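Shown next: work-v1.pdb, containing PDB, C-alpha atoms.
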```
ATOM      1  CA  MET A   1      93.181  35.313  23.357
ATOM      2  CA  ALA A   2      92.509  32.912  26.212
ATOM      3  CA  ILE A   3      91.242  33.825  29.645
ATOM      4  CA  SER A   4      93.912  34.430  32.293
ATOM      5  CA  LYS A   5      94.505  31.597  34.726
ATOM      6  CA  PHE A   6      95.642  32.138  38.286
ATOM      7  CA  PHE A   7      96.805  29.388  40.661
ATOM      8  CA  GLY A   8      97.568  29.872  44.356
ATOM      9  CA  ARG A   9      97.616  33.080  46.375
ATOM     10  CA  PRO A  10      99.766  36.027  45.217
ATOM     11  CA  ASP A  11     100.419  37.117  48.814
ATOM     12  CA  ASN A  12     102.185  33.757  49.381
ATOM     13  CA  PHE A  13     102.941  31.738  46.218
ATOM     14  CA  ALA A  14     101.055  31.819  42.935
ATOM     15  CA  VAL A  15     101.399  31.230  39.210
ATOM     16  CA  SER A  16      99.656  33.257  36.530
ATOM     17  CA  ILE A  17      99.321  32.382  32.851
ATOM     18  CA  SER A  18      97.566  34.879  30.580
ATOM     19  CA  HIS A  19      97.109  35.863  26.945
ATOM     20  CA  GLN A  20      97.715  32.344  25.622
ATOM     21  CA  THR A  21      98.117  31.798  21.894
ATOM     22  CA  GLY A  22      98.851  28.690  19.849
ATOM     23  CA  ASN A  23      98.598  25.139  21.123
ATOM     24  CA  GLY A  24     100.738  22.182  22.145
ATOM     25  CA  LEU A  25     104.475  22.824  22.194
ATOM     26  CA  THR A  26     104.049  26.112  20.328
ATOM     27  CA  ARG A  27     101.658  27.604  22.907
ATOM     28  CA  THR A  28     102.889  30.912  24.301
ATOM     29  CA  ALA A  29     101.607  33.128  27.095
ATOM     30  CA  GLU A  30     102.611  35.789  29.587
ATOM     31  CA  CYS A  31     103.721  33.697  32.581
ATOM     32  CA  SER A  32     104.617  34.861  36.070
ATOM     33  CA  ILE A  33     105.130  33.562  39.549
ATOM     34  CA  TRP A  34     104.190  35.538  42.614
ATOM     35  CA  LEU A  35     106.212  35.467  45.839
ATOM     36  CA  ASN A  36     104.933  37.428  48.846
ATOM     37  CA  GLY A  37     102.859  39.720  46.630
ATOM     38  CA  LYS A  38     105.662  40.481  44.142
ATOM     39  CA  GLN A  39     105.219  39.426  40.532
ATOM     40  CA  LEU A  40     108.268  37.775  39.000
ATOM     41  CA  GLY A  41     108.336  37.652  35.194
ATOM     42  CA  ASP A  42     109.483  39.960  32.416
ATOM     43  CA  ALA A  43     106.754  42.554  31.846
ATOM     44  CA  GLY A  44     104.611  41.868  28.785
ATOM     45  CA  GLN A  45     106.813  39.102  27.346
ATOM     46  CA  SER A  46     105.206  35.929  26.017
ATOM     47  CA  ILE A  47     107.136  32.696  26.493
ATOM     48  CA  PHE A  48     106.641  29.020  25.674
ATOM     49  CA  VAL A  49     104.257  27.649  28.293
ATOM     50  CA  GLU A  50     105.833  24.170  28.117
ATOM     51  CA  GLY A  51     109.248  25.510  29.218
ATOM     52  CA  PHE A  52     107.676  27.524  32.003
ATOM     53  CA  VAL A  53     105.735  24.524  33.329
ATOM     54  CA  ARG A  54     108.866  22.354  33.208
ATOM     55  CA  GLY A  55     110.705  24.995  35.227
ATOM     56  CA  LEU A  56     107.929  24.917  37.822
ATOM     57  CA  GLN A  57     108.115  21.116  37.970
ATOM     58  CA  GLY A  58     111.856  21.334  38.587
ATOM     59  CA  LEU A  59     111.235  23.717  41.459
ATOM     60  CA  ALA A  60     108.476  21.573  43.002
ATOM     61  CA  ASN A  61     110.416  18.314  42.628
ATOM     62  CA  ALA A  62     113.849  19.541  43.740
ATOM     63  CA  LEU A  63     115.527  17.487  46.419
ATOM     64  CA  PRO A  64     116.600  19.205  49.632
ATOM     65  CA  HIS A  65     120.058  20.642  48.997
ATOM     66  CA  VAL A  66     120.908  23.110  51.728
ATOM     67  CA  ASP A  67     121.315  22.956  55.476
ATOM     68  CA  ASN A  68     122.231  26.573  56.120
ATOM     69  CA  MET A  69     120.766  29.506  54.243
ATOM     70  CA  PRO A  70     123.292  32.043  52.991
ATOM     71  CA  ARG A  71     122.797  35.629  54.041
ATOM     72  CA  LYS A  72     120.521  37.730  51.829
ATOM     73  CA  PRO A  73     122.581  39.988  49.534
ATOM     74  CA  ARG A  74     122.442  43.729  50.321
ATOM     75  CA  ASN A  75     121.696  44.888  46.772
ATOM     76  CA  PRO A  76     121.307  43.552  43.210
ATOM     77  CA  GLN A  77     125.006  44.041  42.371
ATOM     78  CA  ASP A  78     126.070  42.005  45.430
ATOM     79  CA  PHE A  79     123.477  39.414  44.421
ATOM     80  CA  LEU A  80     124.946  39.147  40.915
ATOM     81  CA  SER A  81     128.440  38.779  42.399
ATOM     82  CA  MET A  82     127.120  36.012  44.690
ATOM     83  CA  ILE A  83     125.699  34.128  41.712
ATOM     84  CA  GLU A  84     128.725  34.569  39.485
ATOM     85  CA  GLY A  85     131.401  34.013  42.104
ATOM     86  CA  GLY A  86     130.322  31.248  44.455
ATOM     87  CA  GLU A  87     130.975  27.551  43.934
ATOM     88  CA  ILE A  88     127.664  26.621  45.571
ATOM     89  CA  PHE A  89     125.739  28.554  42.950
ATOM     90  CA  ASN A  90     127.742  27.449  39.912
ATOM     91  CA  SER A  91     126.225  23.980  40.136
ATOM     92  CA  GLY A  92     122.946  25.448  38.870
ATOM     93  CA  ARG A  93     120.902  23.624  41.476
ATOM     94  CA  HIS A  94     119.932  26.897  43.130
ATOM     95  CA  LEU A  95     118.688  28.581  39.956
ATOM     96  CA  PHE A  96     115.030  28.528  39.009
ATOM     97  CA  LEU A  97     113.194  29.606  35.884
ATOM     98  CA  ALA A  98     116.468  30.185  34.039
ATOM     99  CA  ILE A  99     114.476  30.725  30.848
ATOM    100  CA  ALA A 100     113.473  33.582  28.569
ATOM    101  CA  GLY A 101     110.736  35.606  30.180
ATOM    102  CA  PHE A 102     112.551  35.747  33.504
ATOM    103  CA  ASP A 103     115.944  37.125  32.507
ATOM    104  CA  ASP A 104     115.273  40.643  33.819
ATOM    105  CA  PHE A 105     115.644  39.080  37.288
ATOM    106  CA  LEU A 106     118.234  37.407  39.463
ATOM    107  CA  LYS A 107     116.702  34.498  41.360
ATOM    108  CA  LEU A 108     117.876  31.661  43.572
ATOM    109  CA  PHE A 109     116.171  29.063  45.707
ATOM    110  CA  PHE A 110     117.343  26.923  48.601
ATOM    111  CA  ARG A 111     115.322  23.860  49.540
ATOM    112  CA  SER A 112     115.398  22.144  52.915
ATOM    113  CA  ASN A 113     113.216  19.227  54.007
ATOM    114  CA  GLN A 114     110.197  21.405  54.890
ATOM    115  CA  THR A 115     110.682  24.801  53.261
ATOM    116  CA  THR A 116     112.040  26.521  50.189
ATOM    117  CA  SER A 117     113.635  29.939  50.525
ATOM    118  CA  PHE A 118     113.941  32.378  47.639
ATOM    119  CA  PHE A 119     116.068  35.428  46.891
ATOM    120  CA  TRP A 120     115.181  37.595  43.914
ATOM    121  CA  SER A 121     115.796  41.079  42.555
ATOM    122  CA  LEU A 122     116.006  42.898  39.276
ATOM    123  CA  HIS A 123     119.181  42.203  37.322
ATOM    124  CA  PRO A 124     121.515  45.218  37.753
ATOM    125  CA  ASP A 125     121.157  45.931  34.012
ATOM    126  CA  CYS A 126     117.376  46.361  34.488
ATOM    127  CA  LEU A 127     117.298  48.530  37.620
ATOM    128  CA  ASN A 128     116.165  51.677  35.830
ATOM    129  CA  MET A 129     113.553  50.130  33.540
ATOM    130  CA  PRO A 130     110.357  52.151  34.105
ATOM    131  CA  GLN A 131     108.035  49.117  34.197
ATOM    132  CA  TYR A 132     109.818  47.843  37.329
ATOM    133  CA  LEU A 133     110.833  50.948  39.296
ATOM    134  CA  ASP A 134     107.707  51.247  41.441
ATOM    135  CA  THR A 135     107.607  47.548  42.334
ATOM    136  CA  TYR A 136     111.239  46.543  42.753
ATOM    137  CA  GLY A 137     113.608  49.480  42.971
ATOM    138  CA  HIS A 138     117.103  48.440  44.046
ATOM    139  CA  GLU A 139     116.032  45.883  46.626
ATOM    140  CA  VAL A 140     116.740  42.167  47.058
ATOM    141  CA  PHE A 141     113.680  40.253  48.239
ATOM    142  CA  ALA A 142     113.446  37.048  50.241
ATOM    143  CA  ALA A 143     110.632  34.608  50.962
ATOM    144  CA  GLU A 144     110.345  31.294  52.764
ATOM    145  CA  LEU A 145     107.509  28.980  51.761
ATOM    146  CA  GLN A 146     106.350  25.546  52.771
ATOM    147  CA  ASN A 147     107.365  22.937  50.185
ATOM    148  CA  SER A 148     103.858  21.526  50.347
ATOM    149  CA  GLU A 149     102.380  24.865  49.172
ATOM    150  CA  ILE A 150     104.727  25.046  46.177
ATOM    151  CA  GLU A 151     103.939  21.431  45.284
ATOM    152  CA  ARG A 152     100.186  22.065  45.615
ATOM    153  CA  VAL A 153     100.198  25.099  43.308
ATOM    154  CA  VAL A 154     102.412  23.428  40.698
ATOM    155  CA  SER A 155     100.179  20.333  40.793
ATOM    156  CA  GLU A 156      97.163  22.605  40.199
ATOM    157  CA  VAL A 157      98.892  24.115  37.150
ATOM    158  CA  LEU A 158      99.717  20.659  35.783
ATOM    159  CA  THR A 159      96.225  19.230  36.258
ATOM    160  CA  SER A 160      94.628  22.298  34.634
ATOM    161  CA  GLY A 161      96.332  21.552  31.340
ATOM    162  CA  SER A 162      98.035  24.947  31.268
TER
END
```
Can you turn what I pasted into structure tokens?
Amino acid sequence: MAISKFFGRPDNFAVSISHQTGNGLTRTAECSIWLNGKQLGDAGQSIFVEGFVRGLQGLANALPHVDNMPRKPRNPQDFLSMIEGGEIFNSGRHLFLAIAGFDDFLKLFFRSNQTTSFFWSLHPDCLNMPQYLDTYGHEVFAAELQNSEIERVVSEVLTSGS
């Protein structure tokens, strides 16, 4: 078992990779991102590190694609309806980390020239899972981060060889 690696600041934006096994393309680990002190990642699930890192690169390298932020959904069910029903979201360009290890969550991002805004919540099917109740409940969370901070943390992950 490898030592846990932490990049960035959890109270703002961070990435954690722990319990690594294997190597190269078969390397797996428990991977999470942190937004405003909330950990985002399926509890205790190991995933392929390569896919996770590629998802982070996609987030850090995304082109600006929104001028006006949509309103934050009131609850996870409204959030799911927003994702499933809106043309703007069907393009996929607002989804991030749409990979195994993050499917207990709904998550979208909106990138402008200077900032990236995030919405995330538990998927409605996961609202009563005991490992999440104390942290997430039935709330939709939002965060706005400087693009430069996201790029810095992702660059740190890439240069570390994780």
Please identify all polymer residues within 12 Å of segment 37-46 of chain A, counting all atoms listed in the file, omitting same-chain residues fewer than 3 positions from it, and present them as a ChimeraX atom specification. /A:8-22,26-34,49-52,96-107,118-123,126,129-136,139-143
Write out the residues from the selection above, keeping C-alpha atoms, as an mmCIF file, in the frame of the given file.
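So the final result, stored in again-v8.cif, reads:
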```
data_model
loop_
_atom_site.group_PDB
_atom_site.id
_atom_site.type_symbol
_atom_site.label_atom_id
_atom_site.label_comp_id
_atom_site.auth_asym_id
_atom_site.auth_seq_id
_atom_site.Cartn_x
_atom_site.Cartn_y
_atom_site.Cartn_z
ATOM 1 C CA GLY A 8 97.568 29.872 44.356
ATOM 2 C CA ARG A 9 97.616 33.080 46.375
ATOM 3 C CA PRO A 10 99.766 36.027 45.217
ATOM 4 C CA ASP A 11 100.419 37.117 48.814
ATOM 5 C CA ASN A 12 102.185 33.757 49.381
ATOM 6 C CA PHE A 13 102.941 31.738 46.218
ATOM 7 C CA ALA A 14 101.055 31.819 42.935
ATOM 8 C CA VAL A 15 101.399 31.230 39.210
ATOM 9 C CA SER A 16 99.656 33.257 36.530
ATOM 10 C CA ILE A 17 99.321 32.382 32.851
ATOM 11 C CA SER A 18 97.566 34.879 30.580
ATOM 12 C CA HIS A 19 97.109 35.863 26.945
ATOM 13 C CA GLN A 20 97.715 32.344 25.622
ATOM 14 C CA THR A 21 98.117 31.798 21.894
ATOM 15 C CA GLY A 22 98.851 28.690 19.849
ATOM 16 C CA THR A 26 104.049 26.112 20.328
ATOM 17 C CA ARG A 27 101.658 27.604 22.907
ATOM 18 C CA THR A 28 102.889 30.912 24.301
ATOM 19 C CA ALA A 29 101.607 33.128 27.095
ATOM 20 C CA GLU A 30 102.611 35.789 29.587
ATOM 21 C CA CYS A 31 103.721 33.697 32.581
ATOM 22 C CA SER A 32 104.617 34.861 36.070
ATOM 23 C CA ILE A 33 105.130 33.562 39.549
ATOM 24 C CA TRP A 34 104.190 35.538 42.614
ATOM 25 C CA VAL A 49 104.257 27.649 28.293
ATOM 26 C CA GLU A 50 105.833 24.170 28.117
ATOM 27 C CA GLY A 51 109.248 25.510 29.218
ATOM 28 C CA PHE A 52 107.676 27.524 32.003
ATOM 29 C CA PHE A 96 115.030 28.528 39.009
ATOM 30 C CA LEU A 97 113.194 29.606 35.884
ATOM 31 C CA ALA A 98 116.468 30.185 34.039
ATOM 32 C CA ILE A 99 114.476 30.725 30.848
ATOM 33 C CA ALA A 100 113.473 33.582 28.569
ATOM 34 C CA GLY A 101 110.736 35.606 30.180
ATOM 35 C CA PHE A 102 112.551 35.747 33.504
ATOM 36 C CA ASP A 103 115.944 37.125 32.507
ATOM 37 C CA ASP A 104 115.273 40.643 33.819
ATOM 38 C CA PHE A 105 115.644 39.080 37.288
ATOM 39 C CA LEU A 106 118.234 37.407 39.463
ATOM 40 C CA LYS A 107 116.702 34.498 41.360
ATOM 41 C CA PHE A 118 113.941 32.378 47.639
ATOM 42 C CA PHE A 119 116.068 35.428 46.891
ATOM 43 C CA TRP A 120 115.181 37.595 43.914
ATOM 44 C CA SER A 121 115.796 41.079 42.555
ATOM 45 C CA LEU A 122 116.006 42.898 39.276
ATOM 46 C CA HIS A 123 119.181 42.203 37.322
ATOM 47 C CA CYS A 126 117.376 46.361 34.488
ATOM 48 C CA MET A 129 113.553 50.130 33.540
ATOM 49 C CA PRO A 130 110.357 52.151 34.105
ATOM 50 C CA GLN A 131 108.035 49.117 34.197
ATOM 51 C CA TYR A 132 109.818 47.843 37.329
ATOM 52 C CA LEU A 133 110.833 50.948 39.296
ATOM 53 C CA ASP A 134 107.707 51.247 41.441
ATOM 54 C CA THR A 135 107.607 47.548 42.334
ATOM 55 C CA TYR A 136 111.239 46.543 42.753
ATOM 56 C CA GLU A 139 116.032 45.883 46.626
ATOM 57 C CA VAL A 140 116.740 42.167 47.058
ATOM 58 C CA PHE A 141 113.680 40.253 48.239
ATOM 59 C CA ALA A 142 113.446 37.048 50.241
ATOM 60 C CA ALA A 143 110.632 34.608 50.962
#
```
If you measure from atom CA of Ser112 of chain A to atom CA of His65 of chain A, what distance in Å do you get, rounded to one decimal?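 Separation between atom CA of Ser112 of chain A and atom CA of His65 of chain A: 6.3 Å.
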Length of the atom CA of Arg71 of chain A to atom CA of Ser148 of chain A vector [Å]: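 It comes out at 23.9 Å.
Minimum atom-to-atom distance to Leu127 of chain A, evaluated using only C-alpha atoms, belongs to A:Gln77 out of A:Thr115, A:Leu59, A:Gln77, A:Gly161.
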Counting only C-alpha atoms, closest pick from A:Leu25, A:Leu35, A:Ile83, A:Val53 relative to Leu158 of chain A is A:Val53
